[in-house]
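Written out below as C-alpha cells is the structure these notes cover.
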2 protein chains.
Amino acid sequence: MGMPSAVVLMSGGMDSCLSAAIAREQFDLAFLHLNYGQRTENRELRAFHDIADHYDVTRRLVVSIEHLAAIGGSSLTDPRIPVSPADLRRTGIPTSYVPFRNANMLAVAVSWAEVIGANAIFIGAVEEDSSGYPDCRREFYDAFNEVIRQGTRPESRIAIHTPVIGMTKRDIVLRAAELKAPLHLTWSCYRSEDRACGMCDSCALRLRGFQGAGLEDPLLYEHRPDYLHN
Amino acid sequence: MGMPSAVVLMSGGMDSCLSAAIAREQFDLAFLHLNYGQRTENRELRAFHDIADHYDVTRRLVVSIEHLAAIGGSSLTDPRIPVSPADLRRTGIPTSYVPFRNANMLAVAVSWAEVIGANAIFIGAVEEDSSGYPDCRREFYDAFNEVIRQGTRPESRIAIHTPVIGMTKRDIVLRAAELKAPLHLTWSCYRSEDRACGMCDSCALRLRGFQGAGLEDPLLYEHRPDYLHN
C-alpha cells in the first residue's frame, strides 16, 4: 500500500511550491491549477508544469474558473482596475482581492479529492503577507474544513492543510532552500510574464523575502528595488 | 432606496422556482445559473431564461463549472455511469451525487453577490427528498454561512437562505400554487430534454409531489407512473 494522496493547489508561486515540497514528505501528489483569468496566467501555467515535472507529478488537472474574471471586482482580473504599486505598509483590502476566490478554488479541489480518493488538500495561503485578504486567514480554513465535513461523503475525510500560513516570505525562502524546493521554476509577478516587474505587491514581497533570507532570487527583474528599508 | 438584492441559484427546477417566488417578496432578484455538464443543460437553461422573463429579472449570469464533469464521479455528468431508475426507498448516496457540487455553486454565488452588493443568496435545496446528498442538509449551509463570514469583506454580510429546505415536494407544489410561481416553465427530468422521462428520481419526486397536492403537472411525460403507492 502506497502513501495517501494529497491534492496540491499549485499556482506556480513560491508559497505553493514550498507547500508541495512539504506535502511530498507524507503524500503522493496530485497538482491542481486554477485559471481565474489572471493577467499572468500563461506564465503561471508554465511554472505549474515545470514544478510538476520537477517532482514527477503525473496527476495534473487545470481548471478554468474564469467566471471570476467575468464577475470582476479585482485588479488581478479586470483591466479597468490598475494593479496598485507596492506599498507593504498599506492596510485594508488590496485592489487585487478577488472576491471569495479561495473558496472557489477549494471547492474544485474538494470535488477532485473526493473523486480520486485523496484525503488532504494543500494550499499555500500565507496570513501575514496577505493580511488584507479575508480568505487567507486561519479562521477561514477552519470554517471550510467544517463545510467539507458536512458536505462530502462521510468516508471521504478530506482536510485542508496550510503548512506555510504562519510563515513570513523570509521563512518560506529559507525552508524552501532546506527542502531544495525549485524556487527557480516559480513565478510571482502579478503584472509581467517575461521579466518580473519588481514593482507590484507580489514582486515586492518576494524580493524582500529573499533579501531577508540573505539569498539571491534566481529570477530576472525589470526593476530590483531594495525592500529591506521598507 | 429600493429593496436589497438577492442572488437566486436558478437551476430551472421547481425548488429554485419557488425559492425565487419567495425571495421576490423581500428582495430585488439576480438569477445565477450553473452549467456543470449535466445531461439536460440545454433544457434547464431554457427554463432559467423563461422563469427570469416571467419575473422580469434583468441581472442574469450563466457560469460554466463544467470541470465538475471533467472530474467526474456522478451519473449526472458521466455518460459511463447510468442514471439509476427511480427508487424512492433507496438509502445511501445516489449515483447522481456530484461531489461537492453545491459548494462549487455557492462559491460562485458568493463571489457574484459580493461584487453586485447583494446580501442574500437563495438556494432551493431540499433536505427530505435529497436525503442522500450530504450537501443538501441544514448543517452544510450553517457551516457555509460561517465560511462566508470569514472569507468575505466584513461589510458584505452575505447570508444563504434555504426557504424550501424543510418542505416535501407536495409542500412545494402547494406553496408554488399559492404564490403563482410558474411551475409550467420549470424542468426537472435528469434524462430527457423534450418530454420528461417520468422514470428518473427527479421525475418521480416531482410527479409524487403533484399527486400528493392533488394538482396536475402541466409538463408532458413519456411515462407517467403512479407514485402515490410507493
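FYI, nothing fancy with the C-alpha cells labels: chains A, B, ... in order, residues from 1 per chain, ligands from 1 as they appear.
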At most 10 Å is the cut-off: for each residue in chain B with any atom that close to an atom of chain A, write down the nearest atom pair and the distance in Å rounded to one decimal, counting only C-alpha atoms, chain first then increasing number, as CSV.
residue,atom,partner,partner_atom,distance
B:Leu61,CA,A:Ile71,CA,8.8
B:Val62,CA,A:His67,CA,8.9
B:Val63,CA,A:His67,CA,6.2
B:Ser64,CA,A:His67,CA,7.6
B:Ile65,CA,A:Ile65,CA,7.3
B:Glu66,CA,A:Ser64,CA,9.0
B:His67,CA,A:Val63,CA,6.2
B:Leu68,CA,A:Ser111,CA,7.3
B:Ala70,CA,A:Val63,CA,9.2
B:Ile71,CA,A:Trp112,CA,5.9
B:Gly72,CA,A:Val115,CA,7.1
B:Gly73,CA,A:Val115,CA,5.8
B:Ser74,CA,A:Val115,CA,9.3
B:Gly92,CA,A:Arg153,CA,9.8
B:Ile93,CA,A:Arg153,CA,8.0
B:Tyr97,CA,A:Arg153,CA,9.8
B:Val98,CA,A:Ser111,CA,8.1
B:Pro99,CA,A:Ser111,CA,5.0
B:Phe100,CA,A:Ser111,CA,5.3
B:Arg101,CA,A:Ser111,CA,7.3
B:Asn102,CA,A:Gly151,CA,8.3
B:Ala103,CA,A:Ala107,CA,5.9
B:Asn104,CA,A:Ala107,CA,5.1
B:Met105,CA,A:Asn104,CA,8.6
B:Leu106,CA,A:Asn104,CA,8.5
B:Ala107,CA,A:Asn104,CA,5.1
B:Val108,CA,A:Asn104,CA,6.6
B:Ala109,CA,A:Phe100,CA,9.6
B:Val110,CA,A:Phe100,CA,6.8
B:Ser111,CA,A:Pro99,CA,5.0
B:Trp112,CA,A:Ile71,CA,5.8
B:Ala113,CA,A:Pro99,CA,9.2
B:Glu114,CA,A:Pro99,CA,6.6
B:Val115,CA,A:Gly73,CA,5.8
B:Ile116,CA,A:Ile71,CA,8.7
B:Gly132,CA,A:Arg153,CA,9.4
B:Tyr133,CA,A:Gly151,CA,8.1
B:Pro134,CA,A:Gly151,CA,4.9
B:Asp135,CA,A:Gly151,CA,4.3
B:Cys136,CA,A:Gly151,CA,7.8
B:Arg137,CA,A:Gln150,CA,8.1
B:Arg138,CA,A:Gln150,CA,9.2
B:Glu139,CA,A:Gln150,CA,6.4
B:Phe140,CA,A:Gln150,CA,5.0
B:Tyr141,CA,A:Val147,CA,8.0
B:Asp142,CA,A:Val147,CA,8.5
B:Ala143,CA,A:Val147,CA,5.2
B:Phe144,CA,A:Val147,CA,5.8
B:Asn145,CA,A:Ala143,CA,9.1
B:Glu146,CA,A:Ala143,CA,6.1
B:Val147,CA,A:Ala143,CA,5.2
B:Ile148,CA,A:Phe100,CA,8.1
B:Arg149,CA,A:Phe140,CA,8.4
B:Gln150,CA,A:Phe140,CA,5.0
B:Gly151,CA,A:Asp135,CA,4.3
B:Thr152,CA,A:Pro134,CA,5.7
B:Arg153,CA,A:Pro134,CA,6.5
B:Pro154,CA,A:Pro134,CA,8.3
Write a file of the selected residues as a PDB file, in the first residue's frame, keeping C-alpha atoms.
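Produced file result.pdb, reproduced below:
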ATOM      1  CA  LEU B  61     -25.383  35.291 -15.038  1.00  0.00           C
ATOM      2  CA  VAL B  62     -24.709  31.888 -16.565  1.00  0.00           C
ATOM      3  CA  VAL B  63     -21.470  30.287 -15.439  1.00  0.00           C
ATOM      4  CA  SER B  64     -19.860  27.078 -16.591  1.00  0.00           C
ATOM      5  CA  ILE B  65     -18.417  24.861 -13.904  1.00  0.00           C
ATOM      6  CA  GLU B  66     -18.051  22.017 -16.355  1.00  0.00           C
ATOM      7  CA  HIS B  67     -14.817  20.996 -14.685  1.00  0.00           C
ATOM      8  CA  LEU B  68     -17.162  19.041 -12.398  1.00  0.00           C
ATOM      9  CA  ALA B  70     -14.281  16.504 -16.210  1.00  0.00           C
ATOM     10  CA  ILE B  71     -13.651  15.494 -12.604  1.00  0.00           C
ATOM     11  CA  GLY B  72     -16.499  13.002 -12.890  1.00  0.00           C
ATOM     12  CA  GLY B  73     -17.859  10.692 -10.242  1.00  0.00           C
ATOM     13  CA  SER B  74     -21.579  11.237 -10.964  1.00  0.00           C
ATOM     14  CA  GLY B  92     -27.344   5.950   0.853  1.00  0.00           C
ATOM     15  CA  ILE B  93     -25.870   8.404  -1.616  1.00  0.00           C
ATOM     16  CA  TYR B  97     -24.425  12.832  -6.420  1.00  0.00           C
ATOM     17  CA  VAL B  98     -21.914  15.309  -7.911  1.00  0.00           C
ATOM     18  CA  PRO B  99     -19.082  15.526  -5.394  1.00  0.00           C
ATOM     19  CA  PHE B 100     -19.273  18.839  -3.501  1.00  0.00           C
ATOM     20  CA  ARG B 101     -21.362  20.393  -6.271  1.00  0.00           C
ATOM     21  CA  ASN B 102     -23.336  22.753  -4.090  1.00  0.00           C
ATOM     22  CA  ALA B 103     -20.175  24.181  -2.543  1.00  0.00           C
ATOM     23  CA  ASN B 104     -18.871  24.976  -6.031  1.00  0.00           C
ATOM     24  CA  MET B 105     -22.182  26.669  -6.835  1.00  0.00           C
ATOM     25  CA  LEU B 106     -22.319  28.651  -3.620  1.00  0.00           C
ATOM     26  CA  ALA B 107     -18.731  29.841  -4.062  1.00  0.00           C
ATOM     27  CA  VAL B 108     -19.650  31.378  -7.431  1.00  0.00           C
ATOM     28  CA  ALA B 109     -22.828  32.868  -5.968  1.00  0.00           C
ATOM     29  CA  VAL B 110     -20.915  34.496  -3.115  1.00  0.00           C
ATOM     30  CA  SER B 111     -18.307  35.981  -5.480  1.00  0.00           C
ATOM     31  CA  TRP B 112     -21.076  37.496  -7.598  1.00  0.00           C
ATOM     32  CA  ALA B 113     -23.097  38.653  -4.591  1.00  0.00           C
ATOM     33  CA  GLU B 114     -20.059  40.415  -3.155  1.00  0.00           C
ATOM     34  CA  VAL B 115     -19.382  42.287  -6.411  1.00  0.00           C
ATOM     35  CA  ILE B 116     -23.006  43.367  -7.068  1.00  0.00           C
ATOM     36  CA  GLY B 132     -28.627  11.027   0.254  1.00  0.00           C
ATOM     37  CA  TYR B 133     -26.828  14.222  -0.786  1.00  0.00           C
ATOM     38  CA  PRO B 134     -24.589  15.417   2.040  1.00  0.00           C
ATOM     39  CA  ASP B 135     -24.577  18.969   0.639  1.00  0.00           C
ATOM     40  CA  CYS B 136     -28.363  19.393   0.899  1.00  0.00           C
ATOM     41  CA  ARG B 137     -28.506  19.320   4.692  1.00  0.00           C
ATOM     42  CA  ARG B 138     -29.011  22.287   7.018  1.00  0.00           C
ATOM     43  CA  GLU B 139     -25.681  21.635   8.750  1.00  0.00           C
ATOM     44  CA  PHE B 140     -23.894  22.133   5.443  1.00  0.00           C
ATOM     45  CA  TYR B 141     -25.484  25.558   4.911  1.00  0.00           C
ATOM     46  CA  ASP B 142     -24.842  26.623   8.502  1.00  0.00           C
ATOM     47  CA  ALA B 143     -21.175  25.738   8.025  1.00  0.00           C
ATOM     48  CA  PHE B 144     -21.060  27.550   4.674  1.00  0.00           C
ATOM     49  CA  ASN B 145     -22.506  30.711   6.215  1.00  0.00           C
ATOM     50  CA  GLU B 146     -19.556  30.708   8.599  1.00  0.00           C
ATOM     51  CA  VAL B 147     -17.141  30.365   5.658  1.00  0.00           C
ATOM     52  CA  ILE B 148     -18.831  33.389   4.071  1.00  0.00           C
ATOM     53  CA  ARG B 149     -18.487  35.408   7.282  1.00  0.00           C
ATOM     54  CA  GLN B 150     -14.799  34.520   7.472  1.00  0.00           C
ATOM     55  CA  GLY B 151     -13.951  34.760   3.785  1.00  0.00           C
ATOM     56  CA  THR B 152     -15.597  37.945   2.523  1.00  0.00           C
ATOM     57  CA  ARG B 153     -15.229  41.665   3.258  1.00  0.00           C
ATOM     58  CA  PRO B 154     -16.596  42.407   6.730  1.00  0.00           C
TER      59      PRO B 154
END
Spatial neighbours of Met10 of chain A, 9 Å, only C-alpha atoms, chain gap at least 6 places, as JSON, numbers by chain: {"A": [16, 17, 19, 20, 31, 32, 33, 34, 48, 51, 52, 122, 123, 124]}
Sel. of helix (DSSP H, G or I) residues, segment 130-219 of chain B, as a VMD selection string: chain B and resid 130 134 to 136 138 to 151 169 to 178 183 to 185 201 to 213
Atoms kept (C-alpha atoms) for selection, written as an mmCIF file, in the first residue's frame:
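Saved result, out14.cif, follows:
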data_model
loop_
_atom_site.group_PDB
_atom_site.id
_atom_site.type_symbol
_atom_site.label_atom_id
_atom_site.label_comp_id
_atom_site.auth_asym_id
_atom_site.auth_seq_id
_atom_site.Cartn_x
_atom_site.Cartn_y
_atom_site.Cartn_z
ATOM 1 C CA SER B 130 -32.264 14.630 -1.360
ATOM 2 C CA PRO B 134 -24.589 15.417 2.040
ATOM 3 C CA ASP B 135 -24.577 18.969 0.639
ATOM 4 C CA CYS B 136 -28.363 19.393 0.899
ATOM 5 C CA ARG B 138 -29.011 22.287 7.018
ATOM 6 C CA GLU B 139 -25.681 21.635 8.750
ATOM 7 C CA PHE B 140 -23.894 22.133 5.443
ATOM 8 C CA TYR B 141 -25.484 25.558 4.911
ATOM 9 C CA ASP B 142 -24.842 26.623 8.502
ATOM 10 C CA ALA B 143 -21.175 25.738 8.025
ATOM 11 C CA PHE B 144 -21.060 27.550 4.674
ATOM 12 C CA ASN B 145 -22.506 30.711 6.215
ATOM 13 C CA GLU B 146 -19.556 30.708 8.599
ATOM 14 C CA VAL B 147 -17.141 30.365 5.658
ATOM 15 C CA ILE B 148 -18.831 33.389 4.071
ATOM 16 C CA ARG B 149 -18.487 35.408 7.282
ATOM 17 C CA GLN B 150 -14.799 34.520 7.472
ATOM 18 C CA GLY B 151 -13.951 34.760 3.785
ATOM 19 C CA LYS B 169 -42.353 18.117 -2.883
ATOM 20 C CA ARG B 170 -46.064 18.238 -2.054
ATOM 21 C CA ASP B 171 -45.494 21.342 0.089
ATOM 22 C CA ILE B 172 -43.520 22.883 -2.757
ATOM 23 C CA VAL B 173 -46.262 22.320 -5.307
ATOM 24 C CA LEU B 174 -48.899 23.757 -2.955
ATOM 25 C CA ARG B 175 -46.863 26.802 -1.938
ATOM 26 C CA ALA B 176 -45.897 27.459 -5.569
ATOM 27 C CA ALA B 177 -49.577 27.408 -6.487
ATOM 28 C CA GLU B 178 -50.325 29.946 -3.733
ATOM 29 C CA LEU B 183 -44.108 25.707 -12.491
ATOM 30 C CA HIS B 184 -45.194 25.206 -16.115
ATOM 31 C CA LEU B 185 -41.878 26.840 -17.113
ATOM 32 C CA ASP B 201 -35.547 10.038 -9.418
ATOM 33 C CA SER B 202 -36.226 13.654 -10.220
ATOM 34 C CA CYS B 203 -39.343 12.924 -12.314
ATOM 35 C CA ALA B 204 -40.580 10.507 -9.669
ATOM 36 C CA LEU B 205 -40.257 13.078 -6.890
ATOM 37 C CA ARG B 206 -41.958 15.725 -8.970
ATOM 38 C CA LEU B 207 -44.879 13.545 -10.018
ATOM 39 C CA ARG B 208 -45.368 12.312 -6.479
ATOM 40 C CA GLY B 209 -45.411 15.927 -5.294
ATOM 41 C CA PHE B 210 -48.150 16.908 -7.754
ATOM 42 C CA GLN B 211 -50.158 13.792 -6.947
ATOM 43 C CA GLY B 212 -49.901 14.466 -3.217
ATOM 44 C CA ALA B 213 -51.026 18.056 -3.757
#
Best match for closeness to Asp50 of chain A among A:Gly198, A:Pro163, A:Pro225, A:Gly12, counting only C-alpha atoms: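 Using only C-alpha atoms, Asp50 of chain A sits closest to A:Gly12.
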From A:Arg191, A:Arg24, A:His49, A:His54, residue lying nearest Ile121 of chain A [only C-alpha atoms]: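 Looking only at the distances to Ile121 of chain A, the closest residue turns out to be A:Arg24.
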Every residue of segment 5-215 of chain A that DSSP places in strand (DSSP E or B), as a PyMOL selection string: chain A and resi 5-9+28-35+60-64+85+120-122+159-161+196+200
Residue subset to file, keeping C-alpha atoms, as a tab-separated table (two decimals), in the first residue's frame:
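Generated file (again_19.tsv):
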chain	number	residue	atom	x	y	z
A	5	SER	CA	-2.79	11.15	-1.80
A	6	ALA	CA	-2.94	14.92	-1.50
A	7	VAL	CA	-4.27	17.50	-3.93
A	8	VAL	CA	-1.89	20.46	-4.00
A	9	LEU	CA	-3.28	23.78	-5.20
A	28	ASP	CA	1.57	11.10	-3.10
A	29	LEU	CA	0.90	14.33	-5.00
A	30	ALA	CA	-1.79	15.44	-7.45
A	31	PHE	CA	-1.43	19.01	-8.75
A	32	LEU	CA	-4.40	21.30	-9.39
A	33	HIS	CA	-4.05	24.65	-11.15
A	34	LEU	CA	-6.85	27.18	-11.31
A	35	ASN	CA	-7.03	29.71	-14.11
A	60	ARG	CA	-2.40	17.12	-13.08
A	61	LEU	CA	-5.66	19.00	-13.51
A	62	VAL	CA	-6.01	22.50	-14.91
A	63	VAL	CA	-9.43	24.05	-14.38
A	64	SER	CA	-10.78	27.35	-15.64
A	85	PRO	CA	2.10	49.82	-6.84
A	120	ALA	CA	-5.62	16.06	2.05
A	121	ILE	CA	-5.66	19.39	0.22
A	122	PHE	CA	-2.58	21.60	0.45
A	159	ALA	CA	-8.84	18.02	5.38
A	160	ILE	CA	-7.19	21.25	4.25
A	161	HIS	CA	-3.52	21.71	5.14
A	196	ALA	CA	9.20	40.09	-13.28
A	200	CYS	CA	3.89	45.01	-7.78
Interatomic distance (Å, one decimal) between atom CA of Pro4 of chain B and atom CA of Ile158 of chain B: 11.3 Å
